[in-house]
Every structure is written in C-alpha cells, then in structure tokens.
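Here the structure comes first, spelled out in structure tokens, and everything after it is commentary.
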Amino acid sequence: MRRNRPRSRPTRNLQAARSLPQVAVYHPDSQMLHPLRLVREMWRDLLMSRDLAWQLMRRDISAKYRQSVLGILWAFLPALIMAVGFTAAKGSGVVNIGNTDLPYPAYIMFSMTLWQTFVEALNAPVQAVATAKSMLSRINFPREALILAKLGEIGFNFGIKFVFIVALFLWFQIPVTWSVLLAPVALIHLIAFGTFLGLLLAPIGALYQDVSMGLTLITGLWLFITPVVYPIPQTGPFAEIVKLNPVTPLLVTVRELATTGIISNPTGFWVCSAIALFGLLFAWVVYRLALPFVVERISS
C-alpha cells in the first residue's frame, strides 16, 4: 500500500500564508502622484460599494419612516405648508409676489419640492459621514457606500414627491409638453450641484458639528435669494444677486422643462451644470484623500 508522504515545510508554510487574511499596505507617497491609479481605485470602490449602499439605504429609510407618525407625509408637508402661508399672504396683500406662469399655489409647491431635493442633496454627505463615524473608525469598507446610500434615499424621497407633483398638475390642470421628459436630466444636475458642495464639507462636518448647524442657517437665507416663492426679478440689485445664484438656473430650468418647455437661461444652466459635474468629480477626490485623516482624528 502506498503511504502518503508528509508534506514538506515550504508547502505547509505556503498554505498557511494563503489562509491568512489579506493585509492592506499603505505607502507614504501621495495618491495624487499617481492619478490614473487613483481613478481606477475610485471606480473599483464605487462598484464594490453598491451592495453595502443598498443595505444602508434600506436601513436608513426604514428607520426614518418607522419612527415617524406621519411617515411619508413629511416628504411634501413643508411644500404644502409653505404654499398655504405664502398664498394667504399674497391674497391679503401682505406681500407682492408678482405674476407667475403657473397658479401660485402650484408654483410654490412645485418649486419648494425642487428646493427640498437640493437641500437634501447638500446635507446628505455631511449627515452620512457624521452618523457613520463609529463605523468608519472600526470597519474598513468603501467610503463611497455612504454617499450612494444617501443618494438612493434622495431618489426614494423624490419618488414620493413625484406622486404629489403629478396630483398637483392634475388638480390645477397644468398643461405639459414633450420637454417634461428632459426635466429629470436637469433635476440630476441640481442634485449633483448639492452633492458637490456637501462632499466638500463632509470631512470637516465629521469633525465639527458647526458645519451641519451652519448649513441650516445658510440654506434658510439661500432660499430667499432663490426664485422659489417668487418669479425671477428683472431689475434692481436684488435681481442681480438672484441671477448670480448658481441654484437659480438649475432649479428654474427643471421647472420650465416640466411646465412651459421654454428655457429662459440656457447659458446659465449649462455653465452651472458644468460646475456641478466637474465639481462633483473634484469633491469626490477631496473626499477620498481627506477621509483617512478624518478617521485617524476620530480614532485617536
């Protein structure tokens, strides 16, 4: 009978090495010195983070609406309350809003819904990193999963708002044209601009709560220099401030594509869209490079 010969020591050592967990090796040189490798790693981590992002999104949505009495009504209640208040103020002559292309209650509710989506995109990266600090310091996973989960949550929330918008258009009998099919493209640009700004602030927001509290103050002021509750003014210093506001052409273009089909400022829209898309890529790189230092600061 043939006996099994004992395995040699090198073979046993090789198998033992293969059974050990893989260890990440960090190099002292900056990742910016190897941009192509950095881009490949970013794309790889983005693809790897999809399953985790899906699980995080489901968890966050479930927790958000399970712990609320009104549930999904919060998706459009702010727009409804804002419309009631400003419609009453306009009807009583307290404020002079001017003429709008849509019935004023529909105008303000639709515009407020778009503004809500932008603010969610702005706050999402800051909130994602701030709430995941303990997980970041203990588990090594693709950090893009946090942002993808929040973007999925924004999409889910807008899906609820979309039902409200359709009901709004039917109630006020607002005509639509074929350009409504292009409105989602402009909406993506609006979300991209908010995500771009939020990604830049996310690493700092993980260290200092002042960022999230400051965003609340800034967006409150930003709302009133954006044509959400009023049409774009044509003359005066305030009109110039509104026109220089980068959110103005993005939000207004979504509204115009969904209603009249006539874009009033195509140049401003494409300039701000380019800023949003290229800025999003830049902010992603900053997020990748800064987050390891943030995690080190949190863990120490």
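Residues are named by chain letter and number: chains run A, B, ... in the order of the structure tokens, numbers start at 1 in each chain, and ligands are numbered from 1 in the order shown.
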
Can you check which parts of stretch 66-159 of chain A lie within 9 Å of stretch 176-191 of chain A? Per residue, the shortest pair of atoms and distance in Å to one decimal, counting only C-alpha atoms, sorted by chain and number, as CSV.
```
residue,atom,partner,partner_atom,distance
A:Leu114,CA,A:Leu187,CA,8.0
A:Thr117,CA,A:Ile191,CA,7.1
A:Phe118,CA,A:Ile191,CA,5.6
A:Val119,CA,A:Ile191,CA,8.7
A:Glu120,CA,A:Ile191,CA,8.5
A:Ala121,CA,A:Ile191,CA,5.6
A:Leu122,CA,A:Ile191,CA,8.0
A:Leu151,CA,A:Ile191,CA,8.8
A:Ile154,CA,A:Ile191,CA,8.9
```

Would you put the residues from that selection into a file with N, CA and C atoms, as a PDB file, in the first residue's frame?
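This is the output file result-v3.pdb:
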```pdb
ATOM      1  N   LEU A 114     -38.655  71.073  -5.419  1.00  0.00           N
ATOM      2  CA  LEU A 114     -37.330  71.055  -6.028  1.00  0.00           C
ATOM      3  C   LEU A 114     -36.271  71.578  -5.053  1.00  0.00           C
ATOM      4  N   THR A 117     -35.355  68.989  -2.493  1.00  0.00           N
ATOM      5  CA  THR A 117     -34.473  67.964  -3.043  1.00  0.00           C
ATOM      6  C   THR A 117     -33.030  68.459  -3.085  1.00  0.00           C
ATOM      7  N   PHE A 118     -32.838  69.727  -3.467  1.00  0.00           N
ATOM      8  CA  PHE A 118     -31.490  70.290  -3.478  1.00  0.00           C
ATOM      9  C   PHE A 118     -30.895  70.324  -2.076  1.00  0.00           C
ATOM     10  N   VAL A 119     -31.662  70.745  -1.099  1.00  0.00           N
ATOM     11  CA  VAL A 119     -31.162  70.830   0.285  1.00  0.00           C
ATOM     12  C   VAL A 119     -30.826  69.434   0.820  1.00  0.00           C
ATOM     13  N   GLU A 120     -31.637  68.444   0.476  1.00  0.00           N
ATOM     14  CA  GLU A 120     -31.339  67.071   0.886  1.00  0.00           C
ATOM     15  C   GLU A 120     -30.005  66.611   0.302  1.00  0.00           C
ATOM     16  N   ALA A 121     -29.768  66.939  -0.981  1.00  0.00           N
ATOM     17  CA  ALA A 121     -28.505  66.561  -1.617  1.00  0.00           C
ATOM     18  C   ALA A 121     -27.325  67.284  -0.979  1.00  0.00           C
ATOM     19  N   LEU A 122     -27.526  68.515  -0.550  1.00  0.00           N
ATOM     20  CA  LEU A 122     -26.466  69.281   0.099  1.00  0.00           C
ATOM     21  C   LEU A 122     -26.129  68.720   1.473  1.00  0.00           C
ATOM     22  N   LEU A 151     -27.747  59.110  -1.678  1.00  0.00           N
ATOM     23  CA  LEU A 151     -28.322  59.469  -2.980  1.00  0.00           C
ATOM     24  C   LEU A 151     -29.534  58.589  -3.288  1.00  0.00           C
ATOM     25  N   ILE A 154     -32.375  59.986  -1.357  1.00  0.00           N
ATOM     26  CA  ILE A 154     -32.913  61.178  -2.022  1.00  0.00           C
ATOM     27  C   ILE A 154     -33.823  60.776  -3.176  1.00  0.00           C
TER      28      ILE A 154
END
```

field: A:Phe169 surroundings by only C-alpha atoms, 12 Å radius, close-in-sequence under 3 positions cut, as a list in words
entry: Leu102, Pro103, Pro105, Ala106, Tyr107, Met109, Phe110, Phe162, Val163, Phe164, Ile165, Val166, Phe172, Gln173, Ile174, Pro175, Val176, Ala258 and Thr259 of chain A

Going by DSSP on the backbone, which residues of stretch 61-232 of chain A come out as helix (DSSP H, G or I)? List them as a PyMOL selection string. chain A and resi 61-66+71-75+77-91+104-131+133-138+144-171+178-207+210-223

Separating atom CA of A:Glu153 from atom CA of A:Gln127, to the nearest tenth of an Å, is a gap of 12.3 Å

Counting only C-alpha atoms, closest pick from A:Ile262, A:Leu77, A:Ala149, A:Leu281 relative to A:Arg58 is A:Ala149

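When atom CA of A:Val228 is paired with atom CA of A:Met112, their separation reads 6.1 Å.
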
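Distances to A:Ile218 were evaluated for A:Thr195, A:Ser62, A:Ser299, A:Asn123 using only C-alpha atoms, and the minimum falls at A:Asn123.
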
Considering only C-alpha atoms, return as a tab-separated table (two decimals) with C-alpha atoms, in the first residue's frame whatever protein or nucleic-acid residues lie within 8 Å of A:Pro227, sequence-local ones (same chain, fewer than 5 positions apart) excluded.
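And here's part17.tsv as it stands now:
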```
chain	number	residue	atom	x	y	z
A	232	ILE	CA	-37.10	85.92	-11.15
A	242	VAL	CA	-30.72	86.14	-7.69
A	248	THR	CA	-31.32	79.69	-9.83
A	252	VAL	CA	-35.72	77.28	-12.84
```

Report as CSV: every residue of stretch 87-198 of chain A with an atom at most 12 Å from stretch 287-294 of chain A, its closest pair of atoms, and their distance in Å to one decimal, counting only C-alpha atoms, with rows sorted by chain and ascending residue number.
```
residue,atom,partner,partner_atom,distance
A:Pro125,CA,A:Tyr287,CA,9.8
A:Val126,CA,A:Tyr287,CA,11.0
A:Val129,CA,A:Leu291,CA,9.2
A:Ala130,CA,A:Val294,CA,10.7
A:Ala132,CA,A:Val294,CA,12.0
A:Lys133,CA,A:Val294,CA,9.2
A:Ser134,CA,A:Val294,CA,11.8
A:Leu136,CA,A:Pro292,CA,9.2
A:Ser137,CA,A:Val294,CA,9.3
A:Asn140,CA,A:Pro292,CA,10.5
A:Phe141,CA,A:Pro292,CA,11.8
A:Pro142,CA,A:Arg288,CA,9.8
A:Arg143,CA,A:Arg288,CA,7.8
A:Glu144,CA,A:Arg288,CA,8.6
A:Leu146,CA,A:Tyr287,CA,11.6
A:Ile147,CA,A:Tyr287,CA,10.4
A:Thr195,CA,A:Tyr287,CA,11.6
A:Phe196,CA,A:Tyr287,CA,10.3
A:Leu197,CA,A:Tyr287,CA,11.1
A:Gly198,CA,A:Tyr287,CA,10.1
```
